[in-house]
$ cat upload_19.pdb   # PDB, C-alpha atoms
ATOM      1  CA  MET A  10      27.420-205.911  95.770
ATOM      2  CA  ARG A  11      28.742-204.297  98.966
ATOM      3  CA  GLN A  12      31.456-202.462  96.969
ATOM      4  CA  VAL A  13      28.870-201.137  94.485
ATOM      5  CA  ALA A  14      26.712-199.855  97.362
ATOM      6  CA  GLY A  15      29.774-198.138  98.851
ATOM      7  CA  TRP A  16      30.572-196.397  95.567
ATOM      8  CA  MET A  17      26.953-195.313  95.177
ATOM      9  CA  ALA A  18      26.971-193.831  98.676
ATOM     10  CA  LEU A  19      30.204-191.958  97.940
ATOM     11  CA  ALA A  20      28.803-190.644  94.644
ATOM     12  CA  ALA A  21      25.627-189.456  96.403
ATOM     13  CA  LEU A  22      27.688-187.730  99.081
ATOM     14  CA  LEU A  23      29.907-185.969  96.555
ATOM     15  CA  GLY A  24      26.947-185.122  94.336
ATOM     16  CA  GLY A  25      25.446-183.068  97.159
ATOM     17  CA  CYS A  26      28.597-180.979  97.561
ATOM     18  CA  THR A  27      28.728-177.503  96.146
ATOM     19  CA  THR A  28      31.949-175.758  95.398
ATOM     20  CA  ALA A  29      32.052-172.353  97.017
ATOM     21  CA  ASN A  30      34.329-169.845  95.401
ATOM     22  CA  PRO A  31      35.561-167.712  98.273
ATOM     23  CA  VAL A  32      37.063-164.285  97.723
ATOM     24  CA  ARG A  33      40.485-163.369  99.140
ATOM     25  CA  VAL A  34      40.446-159.727 100.224
ATOM     26  CA  THR A  35      43.358-157.521 101.297
ATOM     27  CA  ARG A  36      42.887-153.888 102.319
ATOM     28  CA  PHE A  37      45.170-151.040 103.397
ATOM     29  CA  HIS A  38      44.348-147.714 105.007
ATOM     30  CA  LEU A  39      45.780-145.075 107.321
ATOM     31  CA  ASP A  40      43.907-146.239 110.456
ATOM     32  CA  GLN A  41      42.006-142.949 110.458
ATOM     33  CA  PRO A  42      38.251-142.468 110.148
ATOM     34  CA  ILE A  43      37.047-142.072 106.580
ATOM     35  CA  GLU A  44      34.175-139.602 106.344
ATOM     36  CA  ARG A  45      31.401-140.625 104.008
ATOM     37  CA  GLY A  46      30.614-138.443 101.022
ATOM     38  CA  ALA A  47      30.092-138.351  97.295
ATOM     39  CA  VAL A  48      32.363-140.548  95.211
ATOM     40  CA  ALA A  49      33.010-140.753  91.474
ATOM     41  CA  VAL A  50      33.973-144.202  90.161
ATOM     42  CA  LEU A  51      36.731-144.000  87.538
ATOM     43  CA  PRO A  52      38.892-146.488  85.638
ATOM     44  CA  ALA A  53      42.580-146.862  86.454
ATOM     45  CA  PRO A  54      44.958-145.035  84.083
ATOM     46  CA  GLY A  55      44.778-146.642  80.673
ATOM     47  CA  GLY A  56      41.273-147.985  81.335
ATOM     48  CA  ASP A  57      38.335-147.143  79.091
ATOM     49  CA  PRO A  58      35.410-145.483  80.915
ATOM     50  CA  THR A  59      33.097-146.395  78.027
ATOM     51  CA  SER A  60      33.896-150.127  78.019
ATOM     52  CA  LEU A  61      31.103-152.460  79.025
ATOM     53  CA  GLU A  62      33.404-154.279  81.442
ATOM     54  CA  PHE A  63      34.292-151.076  83.287
ATOM     55  CA  GLN A  64      30.653-149.984  83.452
ATOM     56  CA  LEU A  65      29.637-153.372  84.865
ATOM     57  CA  TYR A  66      32.259-153.210  87.626
ATOM     58  CA  ALA A  67      31.635-149.495  88.263
ATOM     59  CA  ARG A  68      27.950-150.244  89.004
ATOM     60  CA  SER A  69      28.907-153.062  91.382
ATOM     61  CA  VAL A  70      31.524-150.926  93.188
ATOM     62  CA  GLY A  71      29.093-147.989  93.376
ATOM     63  CA  ALA A  72      26.420-150.215  94.925
ATOM     64  CA  ALA A  73      28.897-151.621  97.473
ATOM     65  CA  LEU A  74      30.051-148.093  98.371
ATOM     66  CA  ALA A  75      26.415-146.984  98.775
ATOM     67  CA  VAL A  76      25.911-149.730 101.370
ATOM     68  CA  GLN A  77      28.823-148.156 103.279
ATOM     69  CA  GLY A  78      27.250-144.683 103.223
ATOM     70  CA  PHE A  79      28.883-143.172 100.138
ATOM     71  CA  SER A  80      26.826-141.608  97.366
ATOM     72  CA  ALA A  81      27.467-141.706  93.633
ATOM     73  CA  ALA A  82      28.395-138.431  91.970
ATOM     74  CA  ALA A  83      30.239-137.175  88.911
ATOM     75  CA  ALA A  84      32.465-135.207  91.292
ATOM     76  CA  GLY A  85      32.799-135.084  95.040
ATOM     77  CA  PRO A  86      35.263-135.270  97.856
ATOM     78  CA  TYR A  87      36.319-138.786  96.731
ATOM     79  CA  GLU A  88      37.088-140.805  93.653
ATOM     80  CA  ALA A  89      37.223-144.579  93.524
ATOM     81  CA  VAL A  90      39.723-145.745  90.908
ATOM     82  CA  ILE A  91      39.161-149.332  89.836
ATOM     83  CA  ALA A  92      41.219-151.868  87.883
ATOM     84  CA  ILE A  93      40.054-155.280  86.742
ATOM     85  CA  THR A  94      42.056-158.279  85.553
ATOM     86  CA  ARG A  95      40.527-161.549  84.362
ATOM     87  CA  GLU A  96      42.453-164.482  82.941
ATOM     88  CA  ASN A  97      41.965-168.155  82.130
ATOM     89  CA  ARG A  98      44.092-170.661  83.976
ATOM     90  CA  PRO A  99      44.199-174.437  83.470
ATOM     91  CA  VAL A 100      43.922-176.491  86.657
ATOM     92  CA  GLY A 101      44.349-180.124  87.501
ATOM     93  CA  ILE A 102      45.393-182.919  85.214
ATOM     94  CA  ALA A 103      44.092-183.105  81.662
ATOM     95  CA  GLN A 104      41.360-185.694  81.263
ATOM     96  CA  LYS A 105      42.391-188.447  78.914
ATOM     97  CA  PRO A 106      40.283-188.968  75.821
ATOM     98  CA  VAL A 107      37.920-191.922  75.505
ATOM     99  CA  SER A 108      39.778-195.134  74.730
ATOM    100  CA  ILE A 109      38.477-197.811  72.395
ATOM    101  CA  GLY A 110      40.031-201.242  72.342
ATOM    102  CA  ILE A 111      39.720-204.004  69.766
ATOM    103  CA  GLY A 112      40.897-207.476  70.627
ATOM    104  CA  GLY A 113      40.771-211.045  69.461
ATOM    105  CA  GLY A 114      42.046-214.481  70.251
ATOM    106  CA  SER A 115      42.238-218.017  68.886
ATOM    107  CA  PHE A 116      42.383-221.270  70.726
ATOM    108  CA  GLY A 117      42.707-224.389  68.645
ATOM    109  CA  GLY A 118      45.071-227.264  68.054
ATOM    110  CA  GLY A 119      46.680-226.699  71.432
ATOM    111  CA  PHE A 120      47.819-223.205  70.546
ATOM    112  CA  GLY A 121      46.512-219.980  71.991
ATOM    113  CA  GLY A 122      47.094-216.420  71.028
ATOM    114  CA  GLY A 123      45.550-213.035  71.300
ATOM    115  CA  GLY A 124      46.080-209.435  70.566
ATOM    116  CA  SER A 125      44.498-206.074  70.991
ATOM    117  CA  ILE A 126      44.898-202.547  69.875
ATOM    118  CA  GLY A 127      43.709-199.421  71.663
ATOM    119  CA  PHE A 128      43.487-195.813  70.594
ATOM    120  CA  GLY A 129      42.121-192.610  72.015
ATOM    121  CA  VAL A 130      39.169-190.774  70.529
ATOM    122  CA  GLY A 131      39.169-187.013  70.958
ATOM    123  CA  LYS A 132      41.784-184.847  72.569
ATOM    124  CA  ALA A 133      42.753-184.402  76.203
ATOM    125  CA  ARG A 134      40.838-181.611  77.955
ATOM    126  CA  GLN A 135      41.954-179.731  80.995
ATOM    127  CA  ARG A 136      39.597-177.895  83.316
ATOM    128  CA  GLU A 137      39.936-174.101  83.242
ATOM    129  CA  VAL A 138      39.043-171.387  85.723
ATOM    130  CA  TYR A 139      38.709-167.641  85.429
ATOM    131  CA  VAL A 140      40.862-165.822  87.958
ATOM    132  CA  THR A 141      39.427-162.333  88.461
ATOM    133  CA  GLN A 142      40.881-159.496  90.527
ATOM    134  CA  LEU A 143      39.213-156.207  91.400
ATOM    135  CA  SER A 144      41.442-153.454  92.809
ATOM    136  CA  VAL A 145      40.068-150.172  94.162
ATOM    137  CA  GLN A 146      41.809-147.038  95.444
ATOM    138  CA  LEU A 147      39.711-144.508  97.330
ATOM    139  CA  ARG A 148      41.295-141.077  96.877
ATOM    140  CA  ARG A 149      40.447-137.830  98.653
ATOM    141  CA  LEU A 150      40.210-134.807  96.375
ATOM    142  CA  PRO A 151      41.572-132.336  95.416
ATOM    143  CA  GLN A 152      45.086-133.708  96.121
ATOM    144  CA  ARG A 153      44.063-137.287  95.248
ATOM    145  CA  ASP A 154      45.565-138.640  98.469
ATOM    146  CA  ILE A 155      44.931-142.381  98.763
ATOM    147  CA  VAL A 156      42.996-142.963 101.990
ATOM    148  CA  TRP A 157      42.044-146.604 101.382
ATOM    149  CA  GLU A 158      42.857-149.338  98.896
ATOM    150  CA  GLY A 159      42.007-152.955  98.518
ATOM    151  CA  ARG A 160      41.977-155.913  96.186
ATOM    152  CA  ALA A 161      39.679-158.902  95.942
ATOM    153  CA  ILE A 162      40.478-162.090  94.027
ATOM    154  CA  THR A 163      38.302-165.070  93.192
ATOM    155  CA  GLU A 164      38.281-167.925  90.747
ATOM    156  CA  ALA A 165      35.460-169.914  89.196
ATOM    157  CA  ASP A 166      35.183-172.757  86.737
ATOM    158  CA  THR A 167      34.701-171.251  83.280
ATOM    159  CA  ARG A 168      31.500-173.291  82.831
ATOM    160  CA  ALA A 169      29.935-172.295  86.179
ATOM    161  CA  GLN A 170      27.263-169.661  86.752
ATOM    162  CA  ALA A 171      29.636-168.035  89.272
ATOM    163  CA  ALA A 172      32.007-167.243  86.375
ATOM    164  CA  GLN A 173      29.493-164.950  84.664
ATOM    165  CA  PRO A 174      30.776-161.347  84.616
ATOM    166  CA  GLN A 175      27.828-159.811  86.522
ATOM    167  CA  ALA A 176      27.966-162.439  89.269
ATOM    168  CA  THR A 177      31.736-162.024  89.573
ATOM    169  CA  ALA A 178      31.589-158.202  89.680
ATOM    170  CA  ASP A 179      28.907-158.188  92.378
ATOM    171  CA  LYS A 180      30.675-160.820  94.463
ATOM    172  CA  LEU A 181      34.077-159.104  94.336
ATOM    173  CA  ALA A 182      32.700-155.628  95.129
ATOM    174  CA  ARG A 183      30.551-156.929  98.005
ATOM    175  CA  ALA A 184      33.485-158.863  99.490
ATOM    176  CA  LEU A 185      35.906-155.957  99.088
ATOM    177  CA  PHE A 186      33.711-153.546 101.049
ATOM    178  CA  THR A 187      32.389-156.006 103.658
ATOM    179  CA  GLY A 188      33.331-154.581 107.067
ATOM    180  CA  PHE A 189      34.741-151.409 105.471
ATOM    181  CA  PRO A 190      37.412-150.180 106.034
ATOM    182  CA  GLY A 191      38.624-153.523 107.409
ATOM    183  CA  GLN A 192      41.869-154.356 109.152
ATOM    184  CA  SER A 193      44.789-152.802 107.301
ATOM    185  CA  GLY A 194      47.285-155.228 105.786
ATOM    186  CA  ARG A 195      45.350-158.361 106.657
ATOM    187  CA  THR A 196      44.119-160.849 104.054
ATOM    188  CA  ILE A 197      40.725-162.364 104.794
ATOM    189  CA  THR A 198      38.516-164.859 103.031
ATOM    190  CA  VAL A 199      34.921-163.870 102.348
ATOM    191  CA  PRO A 200      32.473-166.622 101.285
TER
END
$ encode --input "upload_19.pdb" --output "structure tokens"
Amino acid sequence: MRQVAGWMALAALLGGCTTANPVRVTRFHLDQPIERGAVAVLPAPGGDPTSLEFQLYARSVGAALAVQGFSAAAAGPYEAVIAITRENRPVGIAQKPVSIGIGGGSFGGGFGGGGSIGFGVGKARQREVYVTQLSVQLRRLPQRDIVWEGRAITEADTRAQAAQPQATADKLARALFTGFPGQSGRTITVP
């Protein structure tokens, strides 16, 4: 009974835990002040400006830049060039399928014997996460000199609400521009 109570307490403790998916952020800049101004958000070369994914991330990056004092514009003294990568990655050990066992035995006439057979039902499943990276280069026009760049990476269980594209885009953009321009060359973790 004491062991059962211990397991129940452990299960209750773990049940109350939430898994935070922090964002790893790295930024680089020239250690010079960056004047605020109008900025156009564009896809990286080869990206499609009409894709729904780009538009989703462009809105999130534009909102994060607005918090830092930039304004959205079709053209201006800056352009923010963004690239997005998102991939599935298996993690942990595959969960074994359910096992069913059938057994029997006979005891009579002084002889005993028994046997059993077991087999798995279903196939092994492995947990998967989405690993998403948002990279942004802030370029000063007309020469397109890069004045700031950064990348933010997070991962979330594919079944979690945090893995939804809108939630991921907002989280990565917010983390990337938190404390803008940030310390150059340093990787930080943003909750």
$ closest_residue --input "upload_19.pdb" --among "A:Ile197, A:Val48, A:Leu185, A:Ile43" --to "Arg160 of chain A" --atoms "only C-alpha atoms"
A:Leu185
$ residues_around --input "upload_19.pdb" --residues "Ala172 of chain A" --least-positions-apart "5" --cutoff "12 Å" --atoms "all atoms listed in the file" --output "list of chain:residue names"
A:Ala29, A:Asn30, A:Arg95, A:Glu96, A:Asn97, A:Glu137, A:Val138, A:Tyr139, A:Val140, A:Thr141, A:Thr163, A:Glu164, A:Ala165, A:Asp166, A:Thr167, A:Thr177, A:Ala178, A:Asp179, A:Lys180, A:Leu181
$ residues_around --input "upload_19.pdb" --residues "Phe79 of chain A" --least-positions-apart "6" --cutoff "8 Å" --atoms "only C-alpha atoms" --output "JSON, numbers by chain"
{"A": [45, 46, 47, 48]}
$ resolve_selection --input "upload_19.pdb" --expression "the PyMOL selection byres ((chain A and resi 71) around 10)" --output "PyMOL selection string"
chain A and resi 48-50+66-70+72-77+79-82+89+182
$ atom_distance --input "upload_19.pdb" --atom1 "atom CA of Glu88 of chain A" --atom2 "atom CA of Arg148 of chain A"
5.3 Å
$ closest_residue --input "upload_19.pdb" --among "A:Val156, A:Ala161, A:Gly194, A:Gln175" --to "Ile93 of chain A" --atoms "all atoms listed in the file"
A:Ala161
$ atom_distance --input "upload_19.pdb" --atom1 "atom CA of Arg33 of chain A" --atom2 "atom CA of Gln142 of chain A"
9.5 Å
$ atom_distance --input "upload_19.pdb" --atom1 "atom CA of Trp157 of chain A" --atom2 "atom CA of Arg36 of chain A"
7.4 Å
$ closest_residue --input "upload_19.pdb" --among "A:Thr198, A:Gln192, A:Gln173, A:Gln146" --to "Glu62 of chain A" --atoms "only C-alpha atoms"
A:Gln173
$ resolve_selection --input "upload_19.pdb" --expression "the PyMOL selection byres ((chain A and resi 149) around 6)" --output "short mmCIF file (atom, residue, chain, number, x, y, z; two decimals) with C-alpha atoms, in the coordinates of the input"
data_model
loop_
_atom_site.label_atom_id
_atom_site.label_comp_id
_atom_site.auth_asym_id
_atom_site.auth_seq_id
_atom_site.Cartn_x
_atom_site.Cartn_y
_atom_site.Cartn_z
CA PRO A 86 35.26 -135.27 97.86
CA TYR A 87 36.32 -138.79 96.73
CA ARG A 148 41.30 -141.08 96.88
CA LEU A 150 40.21 -134.81 96.38
CA ARG A 153 44.06 -137.29 95.25
CA ASP A 154 45.56 -138.64 98.47
#
$ closest_residue --input "upload_19.pdb" --among "A:Phe37, A:Gln64, A:Thr196, A:Leu143" --to "Leu51 of chain A" --atoms "all atoms listed in the file"
A:Gln64
$ build_atoms --input "upload_19.pdb" --residues "segment 47-58 of chain A" --atoms "all heavy atoms" --output "compact mmCIF listing (two decimals), in the frame of the given file"
# COMPACT_ATOMS: atom_id res chain seq x y z
N ALA A 47 30.30 -138.01 98.70
CA ALA A 47 30.09 -138.35 97.30
C ALA A 47 31.37 -138.92 96.71
O ALA A 47 32.47 -138.50 97.06
CB ALA A 47 29.66 -137.11 96.52
N VAL A 48 31.21 -139.90 95.82
CA VAL A 48 32.36 -140.55 95.21
C VAL A 48 32.09 -140.78 93.72
O VAL A 48 31.00 -141.21 93.35
CB VAL A 48 32.72 -141.87 95.93
CG1 VAL A 48 31.59 -142.87 95.89
CG2 VAL A 48 33.99 -142.48 95.39
N ALA A 49 33.06 -140.46 92.91
CA ALA A 49 33.01 -140.75 91.47
C ALA A 49 33.82 -142.02 91.23
O ALA A 49 34.94 -142.15 91.73
CB ALA A 49 33.58 -139.58 90.69
N VAL A 50 33.28 -142.96 90.47
CA VAL A 50 33.97 -144.20 90.16
C VAL A 50 34.62 -144.05 88.79
O VAL A 50 33.95 -143.77 87.80
CB VAL A 50 33.01 -145.40 90.19
CG1 VAL A 50 33.75 -146.69 89.86
CG2 VAL A 50 32.34 -145.51 91.55
N LEU A 51 35.95 -144.22 88.75
CA LEU A 51 36.73 -144.00 87.54
C LEU A 51 37.60 -145.22 87.24
O LEU A 51 37.98 -145.95 88.15
CB LEU A 51 37.65 -142.78 87.72
CG LEU A 51 36.99 -141.48 88.17
CD1 LEU A 51 38.05 -140.47 88.55
CD2 LEU A 51 36.10 -140.96 87.07
N PRO A 52 37.96 -145.39 85.96
CA PRO A 52 38.89 -146.49 85.64
C PRO A 52 40.32 -146.09 85.99
O PRO A 52 40.67 -144.91 86.02
CB PRO A 52 38.73 -146.66 84.13
CG PRO A 52 38.33 -145.30 83.65
CD PRO A 52 37.51 -144.70 84.76
N ALA A 53 41.15 -147.09 86.23
CA ALA A 53 42.58 -146.86 86.45
C ALA A 53 43.18 -146.27 85.18
O ALA A 53 42.61 -146.42 84.09
CB ALA A 53 43.27 -148.17 86.81
N PRO A 54 44.32 -145.60 85.28
CA PRO A 54 44.96 -145.04 84.08
C PRO A 54 45.11 -146.10 83.00
O PRO A 54 45.51 -147.23 83.26
CB PRO A 54 46.32 -144.56 84.59
CG PRO A 54 46.09 -144.26 86.04
CD PRO A 54 45.09 -145.29 86.50
N GLY A 55 44.73 -145.71 81.79
CA GLY A 55 44.78 -146.64 80.67
C GLY A 55 43.48 -147.39 80.47
O GLY A 55 43.29 -148.05 79.45
N GLY A 56 42.57 -147.32 81.45
CA GLY A 56 41.27 -147.99 81.33
C GLY A 56 40.31 -147.15 80.50
O GLY A 56 40.45 -145.94 80.39
N ASP A 57 39.31 -147.81 79.94
CA ASP A 57 38.34 -147.14 79.09
C ASP A 57 37.02 -146.96 79.85
O ASP A 57 36.34 -147.94 80.14
CB ASP A 57 38.11 -147.98 77.83
CG ASP A 57 37.12 -147.36 76.87
OD1 ASP A 57 36.63 -146.25 77.13
OD2 ASP A 57 36.84 -148.01 75.84
N PRO A 58 36.65 -145.71 80.17
CA PRO A 58 35.41 -145.48 80.92
C PRO A 58 34.15 -145.85 80.13
O PRO A 58 33.08 -145.98 80.72
CB PRO A 58 35.44 -143.99 81.23
CG PRO A 58 36.34 -143.39 80.20
CD PRO A 58 37.32 -144.45 79.84
